[in-house]
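What follows is the content of data_28.tsv (TSV, C-alpha atoms).
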```tsv
chain	number	residue	atom	x	y	z
A	1	MET	CA	-12.34	-95.78	-22.76
A	2	GLU	CA	-14.41	-93.60	-20.44
A	3	THR	CA	-13.75	-90.06	-19.35
A	4	VAL	CA	-15.62	-87.43	-17.42
A	5	ASN	CA	-16.45	-84.19	-19.24
A	6	GLY	CA	-18.41	-81.90	-16.93
A	7	ASP	CA	-21.42	-83.81	-15.61
A	8	ALA	CA	-21.66	-86.12	-18.62
A	9	LEU	CA	-20.00	-89.45	-19.00
A	10	VAL	CA	-18.71	-89.82	-22.55
A	11	VAL	CA	-17.75	-93.21	-23.93
A	12	VAL	CA	-14.91	-92.81	-26.43
A	13	PRO	CA	-13.89	-95.83	-28.52
A	14	GLN	CA	-10.23	-96.73	-28.41
A	15	GLU	CA	-9.89	-96.34	-32.22
A	16	THR	CA	-11.17	-92.75	-31.90
A	17	MET	CA	-8.25	-91.77	-29.72
A	18	GLY	CA	-5.79	-92.85	-32.38
A	19	ASN	CA	-2.23	-93.81	-31.78
A	20	VAL	CA	-0.23	-91.02	-30.13
A	21	SER	CA	2.89	-92.03	-32.01
A	22	ASP	CA	0.97	-91.76	-35.31
A	23	VAL	CA	-0.19	-88.28	-34.36
A	24	GLU	CA	3.35	-87.23	-33.49
A	25	SER	CA	4.61	-88.69	-36.77
A	26	ILE	CA	2.03	-86.74	-38.74
A	27	ASN	CA	2.87	-83.55	-36.84
A	28	GLN	CA	6.55	-84.06	-37.61
A	29	GLN	CA	5.85	-84.61	-41.30
A	30	VAL	CA	3.71	-81.46	-41.42
A	31	ASP	CA	6.50	-79.45	-39.74
A	32	GLU	CA	8.99	-80.80	-42.30
A	33	ILE	CA	6.66	-79.79	-45.12
A	34	PHE	CA	6.40	-76.27	-43.70
A	35	ILE	CA	10.21	-76.01	-43.61
A	36	GLN	CA	10.43	-77.33	-47.18
A	37	VAL	CA	7.77	-74.89	-48.38
A	38	ASP	CA	9.63	-71.98	-46.74
A	39	GLN	CA	12.78	-72.92	-48.66
A	40	LEU	CA	10.80	-73.29	-51.89
A	41	GLU	CA	9.30	-69.84	-51.32
A	42	GLN	CA	12.79	-68.36	-50.98
A	43	ASN	CA	13.83	-70.01	-54.25
A	44	LEU	CA	10.64	-68.81	-55.91
A	45	ASN	CA	11.31	-65.25	-54.78
A	46	GLU	CA	14.83	-65.46	-56.21
A	47	VAL	CA	13.50	-66.64	-59.58
A	48	GLU	CA	10.81	-63.94	-59.61
A	49	GLN	CA	13.34	-61.22	-58.75
A	50	PHE	CA	15.67	-62.41	-61.52
A	51	TYR	CA	13.01	-62.32	-64.23
A	52	SER	CA	11.54	-59.09	-62.86
A	53	SER	CA	14.97	-57.47	-63.06
A	54	ALA	CA	15.49	-58.85	-66.56
A	55	ASN	CA	12.16	-57.43	-67.71
A	56	LYS	CA	13.06	-54.01	-66.31
A	57	LYS	CA	16.27	-54.04	-68.33
A	58	GLN	CA	14.17	-54.80	-71.41
A	59	PRO	CA	11.08	-52.56	-70.99
A	60	ASN	CA	9.74	-53.40	-74.45
A	61	THR	CA	9.31	-57.05	-73.53
A	62	PRO	CA	5.54	-57.83	-73.45
A	63	LYS	CA	4.26	-58.71	-70.00
A	64	GLY	CA	4.15	-62.46	-69.45
A	65	SER	CA	6.34	-63.23	-72.43
A	66	SER	CA	9.80	-64.75	-72.35
A	67	ILE	CA	12.80	-62.42	-72.53
A	68	LEU	CA	13.92	-64.27	-75.62
A	69	LYS	CA	11.86	-66.24	-78.08
A	70	ASP	CA	12.35	-69.98	-77.74
A	71	LYS	CA	14.06	-70.28	-81.14
A	72	ASP	CA	16.36	-67.35	-80.40
A	73	ARG	CA	17.17	-68.75	-76.97
A	74	ASP	CA	18.03	-72.15	-78.42
A	75	LYS	CA	20.36	-70.56	-80.96
A	76	LEU	CA	22.01	-68.41	-78.30
A	77	PHE	CA	22.47	-71.36	-75.95
A	78	ALA	CA	24.03	-73.40	-78.74
A	79	SER	CA	26.37	-70.52	-79.54
A	80	PHE	CA	27.07	-70.11	-75.81
A	81	LYS	CA	28.11	-73.76	-75.49
A	82	ARG	CA	30.40	-73.46	-78.48
A	83	ARG	CA	32.03	-70.35	-77.04
A	84	GLN	CA	32.51	-72.12	-73.70
A	85	GLN	CA	34.30	-74.95	-75.47
A	86	ASP	CA	36.44	-72.50	-77.45
A	87	ALA	CA	37.10	-70.13	-74.53
A	88	ALA	CA	40.66	-71.30	-73.91
A	89	SER	CA	41.67	-71.08	-77.56
A	90	ARG	CA	40.04	-67.66	-77.96
A	91	GLU	CA	41.86	-66.37	-74.89
A	92	ALA	CA	45.14	-67.73	-76.19
A	93	ALA	CA	44.52	-66.04	-79.54
A	94	ALA	CA	43.75	-62.73	-77.82
A	95	ASP	CA	46.96	-62.98	-75.76
A	96	LYS	CA	48.94	-63.69	-78.92
A	97	ARG	CA	47.49	-60.63	-80.66
A	98	MET	CA	48.27	-58.47	-77.64
A	99	GLN	CA	51.84	-59.76	-77.54
A	100	GLU	CA	52.18	-58.89	-81.22
A	101	LEU	CA	50.98	-55.34	-80.56
A	102	MET	CA	53.39	-55.06	-77.64
A	103	ARG	CA	56.20	-56.27	-79.87
A	104	HIS	CA	55.43	-53.60	-82.46
A	105	PHE	CA	55.19	-50.96	-79.75
A	106	GLY	CA	58.45	-52.17	-78.26
A	107	THR	CA	60.10	-51.55	-81.64
A	108	ILE	CA	58.80	-47.96	-81.59
A	109	LEU	CA	60.13	-47.46	-78.05
A	110	ARG	CA	63.58	-48.76	-79.00
A	111	GLN	CA	63.71	-46.39	-81.96
A	112	ILE	CA	62.80	-43.45	-79.71
A	113	THR	CA	65.05	-44.38	-76.77
A	114	GLN	CA	68.02	-44.99	-79.08
A	115	HIS	CA	67.75	-41.49	-80.49
A	116	LYS	CA	70.68	-39.23	-79.62
A	117	TRP	CA	68.39	-36.83	-77.79
A	118	ALA	CA	66.70	-39.47	-75.59
A	119	GLY	CA	69.26	-39.24	-72.72
A	120	PRO	CA	67.40	-36.69	-70.52
A	121	PHE	CA	64.24	-38.82	-70.58
A	122	MET	CA	65.64	-42.27	-69.75
A	123	GLN	CA	65.67	-41.90	-65.96
A	124	PRO	CA	63.54	-39.96	-63.44
A	125	VAL	CA	64.40	-36.26	-63.25
A	126	ASP	CA	67.07	-35.61	-60.60
A	127	VAL	CA	65.11	-32.87	-58.89
A	128	VAL	CA	67.56	-32.43	-55.98
A	129	GLY	CA	70.77	-32.69	-58.02
A	130	LEU	CA	69.53	-30.18	-60.59
A	131	GLY	CA	68.07	-27.89	-57.94
A	132	LEU	CA	64.59	-27.98	-59.44
A	133	HIS	CA	62.81	-27.04	-56.21
A	134	ASP	CA	59.49	-26.19	-57.89
A	135	TYR	CA	59.40	-29.25	-60.15
A	136	TYR	CA	56.68	-31.10	-58.24
A	137	GLU	CA	54.58	-27.92	-58.06
A	138	VAL	CA	54.56	-27.73	-61.86
A	139	ILE	CA	54.57	-31.42	-62.77
A	140	GLU	CA	51.75	-33.50	-61.25
A	141	LYS	CA	52.87	-36.91	-62.52
A	142	PRO	CA	56.56	-37.37	-63.38
A	143	MET	CA	57.36	-40.01	-66.00
A	144	ASP	CA	60.46	-41.49	-67.71
A	145	PHE	CA	61.36	-44.46	-69.93
A	146	SER	CA	62.83	-46.57	-67.10
A	147	THR	CA	59.49	-46.35	-65.27
A	148	ILE	CA	57.65	-47.35	-68.43
A	149	LYS	CA	60.00	-50.31	-68.92
A	150	SER	CA	59.45	-51.53	-65.36
A	151	LYS	CA	55.70	-51.24	-65.69
A	152	MET	CA	55.73	-53.12	-69.00
A	153	GLU	CA	57.63	-55.99	-67.37
A	154	ALA	CA	55.46	-56.07	-64.23
A	155	ARG	CA	53.71	-59.37	-63.49
A	156	ASP	CA	51.90	-58.39	-60.30
A	157	GLY	CA	48.81	-56.93	-61.95
A	158	ASN	CA	50.12	-53.38	-61.82
A	159	GLY	CA	51.42	-53.42	-65.39
A	160	TYR	CA	49.89	-51.90	-68.48
A	161	LYS	CA	46.61	-53.37	-69.69
A	162	ASN	CA	47.00	-52.23	-73.29
A	163	VAL	CA	49.29	-50.26	-75.59
A	164	ARG	CA	47.21	-47.10	-75.29
A	165	GLU	CA	48.21	-46.83	-71.64
A	166	ILE	CA	51.90	-47.08	-72.63
A	167	CYS	CA	51.36	-44.51	-75.38
A	168	ALA	CA	49.83	-42.11	-72.84
A	169	ASP	CA	52.89	-42.40	-70.56
A	170	VAL	CA	55.32	-41.86	-73.47
A	171	ARG	CA	53.48	-38.69	-74.37
A	172	LEU	CA	53.54	-37.65	-70.70
A	173	ILE	CA	57.36	-37.84	-70.64
A	174	PHE	CA	57.72	-35.30	-73.43
A	175	LYS	CA	54.81	-33.10	-72.40
A	176	ASN	CA	56.20	-32.82	-68.87
A	177	ALA	CA	59.55	-31.68	-70.29
A	178	MET	CA	57.86	-29.18	-72.59
A	179	LYS	CA	55.69	-27.88	-69.76
A	180	TYR	CA	58.52	-27.34	-67.27
A	181	ASN	CA	61.14	-26.02	-69.69
A	182	LYS	CA	60.82	-22.87	-71.74
A	183	GLU	CA	60.17	-23.16	-75.46
A	184	ARG	CA	63.72	-22.16	-76.45
A	185	ASP	CA	65.41	-24.48	-73.92
A	186	ASP	CA	67.25	-27.47	-75.34
A	187	VAL	CA	65.22	-29.97	-73.32
A	188	HIS	CA	61.97	-28.47	-74.59
A	189	VAL	CA	63.16	-28.65	-78.23
A	190	MET	CA	64.44	-32.23	-77.78
A	191	ALA	CA	61.16	-33.33	-76.18
A	192	LYS	CA	59.07	-31.72	-78.91
A	193	THR	CA	61.15	-33.35	-81.65
A	194	LEU	CA	60.96	-36.82	-80.10
A	195	LEU	CA	57.23	-36.45	-79.48
A	196	GLU	CA	56.65	-35.69	-83.15
A	197	LYS	CA	58.68	-38.73	-84.20
A	198	PHE	CA	56.75	-40.89	-81.75
A	199	GLU	CA	53.36	-39.64	-82.98
A	200	THR	CA	54.34	-40.45	-86.57
A	201	LYS	CA	55.26	-44.02	-85.71
A	202	TRP	CA	52.20	-44.36	-83.44
A	203	LEU	CA	49.88	-43.45	-86.31
A	204	GLN	CA	51.34	-46.35	-88.30
A	205	LEU	CA	50.45	-48.78	-85.50
A	206	LEU	CA	47.08	-47.22	-84.64
A	207	PRO	CA	44.92	-49.17	-87.19
A	208	LYS	CA	46.01	-52.46	-85.62
A	209	VAL	CA	45.31	-51.04	-82.16
A	210	ASP	CA	41.82	-49.95	-83.23
A	211	GLU	CA	41.12	-53.36	-84.75
A	212	GLU	CA	42.19	-55.16	-81.60
A	213	GLU	CA	40.12	-52.88	-79.38
A	214	LYS	CA	37.09	-53.50	-81.56
A	215	ARG	CA	37.57	-57.27	-81.25
A	216	ARG	CA	38.02	-56.93	-77.49
A	217	LYS	CA	34.74	-55.03	-77.18
A	218	GLU	CA	32.94	-57.67	-79.23
A	219	GLU	CA	34.39	-60.44	-77.07
A	220	GLU	CA	33.44	-58.58	-73.89
A	221	ALA	CA	29.89	-58.18	-75.22
A	222	GLU	CA	29.81	-61.94	-75.92
A	223	MET	CA	31.09	-62.65	-72.41
A	224	GLN	CA	28.37	-60.43	-70.95
A	225	LEU	CA	25.76	-62.26	-73.01
A	226	ASP	CA	27.23	-65.59	-71.89
A	227	MET	CA	26.85	-64.53	-68.26
A	228	GLN	CA	23.23	-63.56	-68.86
A	229	LEU	CA	22.54	-66.84	-70.64
A	230	ALA	CA	24.20	-68.80	-67.84
A	231	GLN	CA	22.03	-67.00	-65.27
A	232	ASP	CA	18.97	-67.56	-67.43
A	233	ALA	CA	19.76	-71.27	-67.69
A	234	ALA	CA	20.39	-71.56	-63.94
A	235	HIS	CA	17.12	-69.84	-63.03
A	236	ALA	CA	15.20	-71.80	-65.66
A	237	LYS	CA	16.51	-75.00	-64.07
A	238	MET	CA	15.61	-73.65	-60.63
A	239	ALA	CA	12.08	-72.95	-61.87
A	240	ARG	CA	11.77	-76.50	-63.25
A	241	ASP	CA	13.09	-77.95	-59.99
A	242	LEU	CA	10.60	-75.79	-58.07
A	243	SER	CA	7.75	-77.19	-60.14
A	244	ILE	CA	8.90	-80.73	-59.44
A	245	GLU	CA	9.35	-80.11	-55.70
A	246	LEU	CA	5.99	-78.36	-55.42
A	247	GLY	CA	4.41	-81.36	-57.09
A	248	LYS	CA	6.00	-83.63	-54.49
A	249	VAL	CA	4.76	-81.40	-51.65
A	250	ASP	CA	1.32	-81.40	-53.26
A	251	ARG	CA	1.21	-85.21	-53.34
A	252	HIS	CA	2.62	-85.53	-49.84
A	253	LEU	CA	-0.05	-83.21	-48.46
A	254	ASP	CA	-2.74	-85.22	-50.22
A	255	GLU	CA	-1.36	-88.42	-48.73
A	256	LEU	CA	-1.23	-86.95	-45.21
A	257	ARG	CA	-4.71	-85.47	-45.53
A	258	GLU	CA	-6.17	-88.78	-46.69
A	259	MET	CA	-4.25	-90.64	-43.98
A	260	VAL	CA	-5.70	-88.45	-41.25
A	261	LEU	CA	-9.21	-88.40	-42.70
A	262	GLN	CA	-9.27	-92.19	-43.04
A	263	ASN	CA	-8.21	-92.58	-39.42
A	264	CYS	CA	-10.76	-90.14	-38.04
A	265	ARG	CA	-13.52	-91.73	-35.98
A	266	ARG	CA	-16.84	-92.70	-37.53
A	267	MET	CA	-19.49	-90.00	-37.30
A	268	SER	CA	-22.54	-90.70	-35.22
A	269	THR	CA	-26.07	-90.46	-36.60
A	270	GLU	CA	-26.61	-87.24	-34.63
A	271	GLU	CA	-23.45	-85.68	-36.09
A	272	LYS	CA	-24.57	-86.55	-39.60
A	273	ARG	CA	-27.96	-84.96	-38.90
A	274	ARG	CA	-26.31	-81.76	-37.66
A	275	LEU	CA	-24.02	-81.79	-40.68
A	276	SER	CA	-26.96	-82.08	-43.04
A	277	SER	CA	-28.85	-79.23	-41.39
A	278	ALA	CA	-25.73	-77.03	-41.35
A	279	ILE	CA	-25.46	-77.21	-45.14
A	280	ALA	CA	-28.69	-75.20	-45.40
A	281	LYS	CA	-26.98	-72.28	-43.63
A	282	LEU	CA	-24.25	-72.03	-46.27
A	283	SER	CA	-24.17	-69.33	-48.90
A	284	PRO	CA	-24.99	-70.40	-52.50
A	285	GLU	CA	-21.29	-70.26	-53.41
A	286	ASP	CA	-20.31	-72.41	-50.43
A	287	ILE	CA	-23.07	-74.89	-51.23
A	288	ASP	CA	-21.50	-75.35	-54.67
A	289	LYS	CA	-18.14	-76.00	-52.99
A	290	ALA	CA	-19.70	-78.53	-50.62
A	291	VAL	CA	-21.22	-80.32	-53.62
A	292	GLU	CA	-17.79	-80.39	-55.27
A	293	ILE	CA	-16.32	-82.05	-52.15
A	294	ILE	CA	-18.93	-84.82	-52.38
A	295	ALA	CA	-18.48	-85.19	-56.14
A	296	GLN	CA	-14.72	-85.71	-55.71
A	297	SER	CA	-15.30	-89.11	-54.10
A	298	ASN	CA	-18.67	-89.75	-55.76
A	299	PRO	CA	-18.56	-88.65	-59.43
A	300	ASP	CA	-22.15	-89.83	-59.98
A	301	PHE	CA	-23.49	-87.36	-57.40
A	302	GLN	CA	-25.42	-84.44	-58.91
A	303	ALA	CA	-27.46	-81.76	-57.21
A	304	ALA	CA	-28.88	-78.38	-58.08
A	305	ARG	CA	-27.93	-75.46	-55.87
A	306	GLU	CA	-31.56	-74.61	-55.10
A	307	ASP	CA	-32.44	-78.18	-54.11
A	308	VAL	CA	-29.53	-79.94	-52.45
A	309	GLU	CA	-30.41	-83.29	-50.93
A	310	ILE	CA	-27.51	-85.19	-49.51
A	311	ASN	CA	-27.78	-88.66	-48.05
A	312	MET	CA	-25.11	-88.58	-45.37
A	313	ASP	CA	-25.38	-92.31	-44.73
A	314	VAL	CA	-23.98	-93.21	-48.15
A	315	GLN	CA	-21.01	-90.86	-47.96
A	316	SER	CA	-17.56	-92.13	-47.00
A	317	GLU	CA	-16.08	-91.15	-43.65
A	318	SER	CA	-13.36	-89.06	-45.32
A	319	THR	CA	-15.99	-87.18	-47.33
A	320	LEU	CA	-18.03	-86.52	-44.18
A	321	TRP	CA	-15.01	-85.11	-42.35
A	322	LYS	CA	-14.03	-82.98	-45.35
A	323	LEU	CA	-17.56	-81.58	-45.37
A	324	LYS	CA	-17.47	-80.94	-41.66
A	325	PHE	CA	-14.20	-79.01	-41.80
A	326	PHE	CA	-15.35	-76.99	-44.80
A	327	ILE	CA	-18.77	-76.16	-43.34
A	328	LYS	CA	-17.26	-75.24	-39.98
A	329	ASP	CA	-14.82	-72.79	-41.59
A	330	ALA	CA	-17.49	-71.39	-43.92
A	331	LEU	CA	-19.96	-70.73	-41.09
A	332	GLN	CA	-17.28	-69.20	-38.89
A	333	GLY	CA	-16.34	-66.91	-41.78
A	334	GLN	CA	-20.01	-65.84	-42.08
A	335	GLY	CA	-20.25	-65.32	-38.31
A	336	LYS	CA	-23.06	-67.85	-38.02
A	337	SER	CA	-23.60	-70.19	-35.08
A	338	SER	CA	-24.00	-73.90	-35.56
A	339	PRO	CA	-23.73	-77.07	-33.47
A	340	ILE	CA	-20.87	-78.04	-35.76
A	341	VAL	CA	-18.93	-74.94	-34.72
A	342	ASN	CA	-19.44	-75.50	-30.98
A	343	GLU	CA	-19.44	-79.27	-30.69
A	344	ASP	CA	-15.71	-79.48	-29.89
A	345	ASN	CA	-16.49	-78.50	-26.31
A	346	ASN	CA	-18.40	-81.77	-25.84
A	347	GLN	CA	-15.44	-84.09	-26.57
A	348	ASN	CA	-12.48	-85.21	-24.46
A	349	ASN	CA	-9.04	-83.56	-24.87
A	350	ASN	CA	-7.33	-86.38	-26.72
A	351	ASN	CA	-10.11	-86.68	-29.27
A	352	ARG	CA	-10.13	-82.89	-29.74
A	353	ARG	CA	-6.38	-83.00	-30.50
A	354	LYS	CA	-7.03	-85.60	-33.21
A	355	ARG	CA	-9.71	-83.43	-34.81
A	356	GLU	CA	-7.42	-80.42	-34.67
A	357	ILE	CA	-4.85	-82.34	-36.68
A	358	CYS	CA	-7.51	-83.34	-39.20
A	359	ASP	CA	-8.69	-79.75	-39.38
A	360	ALA	CA	-5.16	-78.40	-39.77
A	361	LEU	CA	-4.33	-80.75	-42.62
A	362	ALA	CA	-7.60	-79.99	-44.37
A	363	LYS	CA	-6.87	-76.25	-44.11
A	364	THR	CA	-3.31	-76.85	-45.23
A	365	SER	CA	-4.58	-78.66	-48.30
A	366	GLN	CA	-6.95	-75.80	-49.13
A	367	LYS	CA	-4.23	-73.15	-48.72
A	368	ARG	CA	-1.80	-75.26	-50.68
A	369	SER	CA	-4.22	-75.62	-53.59
A	370	LYS	CA	-4.55	-71.82	-53.73
A	371	LYS	CA	-0.89	-71.08	-53.33
A	372	PHE	CA	0.46	-73.64	-55.76
A	373	PRO	CA	-1.98	-73.76	-58.67
A	374	GLY	CA	-1.56	-76.55	-61.14
```

Any chance you could give the structure as structure tokens?
Amino acid sequence: METVNGDALVVVPQETMGNVSDVESINQQVDEIFIQVDQLEQNLNEVEQFYSSANKKQPNTPKGSSILKDKDRDKLFASFKRRQQDAASREAAADKRMQELMRHFGTILRQITQHKWAGPFMQPVDVVGLGLHDYYEVIEKPMDFSTIKSKMEARDGNGYKNVREICADVRLIFKNAMKYNKERDDVHVMAKTLLEKFETKWLQLLPKVDEEEKRRKEEEAEMQLDMQLAQDAAHAKMARDLSIELGKVDRHLDELREMVLQNCRRMSTEEKRRLSSAIAKLSPEDIDKAVEIIAQSNPDFQAAREDVEINMDVQSESTLWKLKFFIKDALQGQGKSSPIVNEDNNQNNNNRRKREICDALAKTSQKRSKKFPG
């Protein structure tokens, strides 16, 4: 194929142009990889934030160490699995214990409400009928046994959570009466007497209440630990999946890079000469990297930094293009001029597009190797 570039007529082999559909396919695959890497980065950030937050909660954890030792974690996970399996039975047992406490407390309530002096406290105070116009100014929260009974029977989530809440309302009934009525009033005396009887019976039940509350706190602590272990397991799995997916991306990039490099056109003798002379302009560190590129495809190649002699004619086309892309970037980074840097202006547009794809994939591979270390 011939094309006019300025005043020069450049003959470009058909194989150099490549297949446009192949180029589009490679571009599409690269775009898909970028999207996949973006998602992997989001997952990685989530994992890092989780473990960073966990380390902050445990400031004594040595940097870089696991939150839990492997043996401890294994034991905790085994215990966690057992608790998950026994969750239903443990919940049923807790409900049964609570029902037993409620039954005992119900017995106390019946004994108090059946007392001959319980009448004034069974229903809400008839403020209007008794002409107690200042009642709500003195009493902030009215309470009576019918209200307690309704709340104990509630099934809409507004009922009592434990017997201590019921105990507090029973006390409130009598304390309200003692607060509003004078010490010598009958209602005050009746309330004080019933409160003393209630406190006596409550003290008999209190050890069981304390025991149940202690068990509840232990179970809540176990549930909290279970949640942490579940999150730990989920993020550990996410980290393993990330490693697997990053490995797949790594291999896919290698495949695409090799595919493009193998399909790049053959370098001319003049291009190889310019490539060889450009190596001399590299810094000592970059020369070592150039040697490593050659050694990757030619393990027998050895050269000292101070005396690098490279026979470009024996190098594979993919190695030559890898060298070209590396040297071009290195010289541009040093601000040096070279025919390699400027030669793109002497090629036709289609061929330049093919080299740009080669260049982009080579750069992508370099960035990927830095970003996702093995």

Given all atoms listed in the file as the basis, pick out the residue of A:Ile279, A:Ala295, A:Gln111, A:Gly131 nearest to A:Phe325.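 Nearest to A:Phe325: A:Ile279.
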
Neighbour list for A:Asn162 as a PyMOL selection string, cut-off 10 Å, all atoms listed in the file, skip fewer than 6 positions in-chain: chain A and resi 98-99+101-102+152+209+213

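Interatomic distance, atom CA of A:Val163 to atom CA of A:Phe105: 7.3 Å.
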
Name the closest residue to A:Ala191 among the candidates A:Arg110, A:Lys179, A:Arg216, A:His252; distances are taken between atoms, counting only C-alpha atoms.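 With only C-alpha atoms as the atom set, the closest residue is A:Lys179.
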
For atom CA of A:Lys322 and atom CA of A:Ala290, the interatomic separation in Å (one decimal):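 Computing the Euclidean distance for atom CA of A:Lys322 and atom CA of A:Ala290 yields 8.9 Å.
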
Please determine, counting all atoms listed in the file, which residue among A:Leu40, A:Val30, A:Met143, A:Met267 has the shortest atom-to-atom distance to A:Ile244. A:Leu40

Return the single residue from A:Gln296, A:Ser243, A:Gln228, A:Ser283 that is closest to A:Ser53, with distances computed using all atoms listed in the file. A:Gln228

Please complete stretch 113-133 of chain A so it has N, CA and C atoms, and hand it over as a compact mmCIF listing (two decimals), keeping the file's coordinate frame.
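Result file follows (selection_33.txt):
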```
# COMPACT_ATOMS: atom_id res chain seq x y z
N THR A 113 64.06 -44.41 -77.87
CA THR A 113 65.05 -44.38 -76.77
C THR A 113 66.48 -44.45 -77.30
N GLN A 114 66.67 -44.93 -78.51
CA GLN A 114 68.02 -44.99 -79.08
C GLN A 114 68.39 -43.70 -79.82
N HIS A 115 67.46 -42.78 -79.86
CA HIS A 115 67.75 -41.49 -80.49
C HIS A 115 68.79 -40.74 -79.65
N LYS A 116 69.59 -39.93 -80.32
CA LYS A 116 70.68 -39.23 -79.62
C LYS A 116 70.17 -38.22 -78.60
N TRP A 117 68.92 -37.81 -78.74
CA TRP A 117 68.39 -36.83 -77.79
C TRP A 117 67.56 -37.49 -76.67
N ALA A 118 67.56 -38.78 -76.57
CA ALA A 118 66.70 -39.47 -75.59
C ALA A 118 67.28 -39.47 -74.18
N GLY A 119 68.59 -39.17 -74.02
CA GLY A 119 69.26 -39.24 -72.72
C GLY A 119 68.51 -38.60 -71.56
N PRO A 120 68.05 -37.36 -71.66
CA PRO A 120 67.40 -36.69 -70.52
C PRO A 120 66.10 -37.35 -70.07
N PHE A 121 65.56 -38.26 -70.87
CA PHE A 121 64.24 -38.82 -70.58
C PHE A 121 64.29 -40.30 -70.16
N MET A 122 65.51 -40.83 -70.05
CA MET A 122 65.64 -42.27 -69.75
C MET A 122 65.41 -42.59 -68.28
N GLN A 123 65.80 -41.68 -67.39
CA GLN A 123 65.67 -41.90 -65.96
C GLN A 123 64.82 -40.79 -65.34
N PRO A 124 64.31 -41.02 -64.11
CA PRO A 124 63.54 -39.96 -63.44
C PRO A 124 64.37 -38.68 -63.30
N VAL A 125 63.72 -37.54 -63.37
CA VAL A 125 64.40 -36.26 -63.25
C VAL A 125 65.06 -36.15 -61.87
N ASP A 126 66.34 -35.79 -61.85
CA ASP A 126 67.07 -35.61 -60.60
C ASP A 126 66.74 -34.23 -60.04
N VAL A 127 65.62 -34.15 -59.37
CA VAL A 127 65.11 -32.87 -58.89
C VAL A 127 66.09 -32.21 -57.93
N VAL A 128 66.64 -32.99 -56.99
CA VAL A 128 67.56 -32.43 -55.98
C VAL A 128 68.89 -32.04 -56.62
N GLY A 129 69.47 -32.95 -57.42
CA GLY A 129 70.77 -32.69 -58.02
C GLY A 129 70.76 -31.50 -58.95
N LEU A 130 69.65 -31.29 -59.65
CA LEU A 130 69.53 -30.18 -60.59
C LEU A 130 68.95 -28.92 -59.95
N GLY A 131 68.60 -29.05 -58.66
CA GLY A 131 68.07 -27.89 -57.94
C GLY A 131 66.72 -27.41 -58.46
N LEU A 132 65.91 -28.34 -58.90
CA LEU A 132 64.59 -27.98 -59.44
C LEU A 132 63.55 -28.02 -58.32
N HIS A 133 63.61 -27.02 -57.43
CA HIS A 133 62.81 -27.04 -56.21
C HIS A 133 61.31 -26.90 -56.46
```
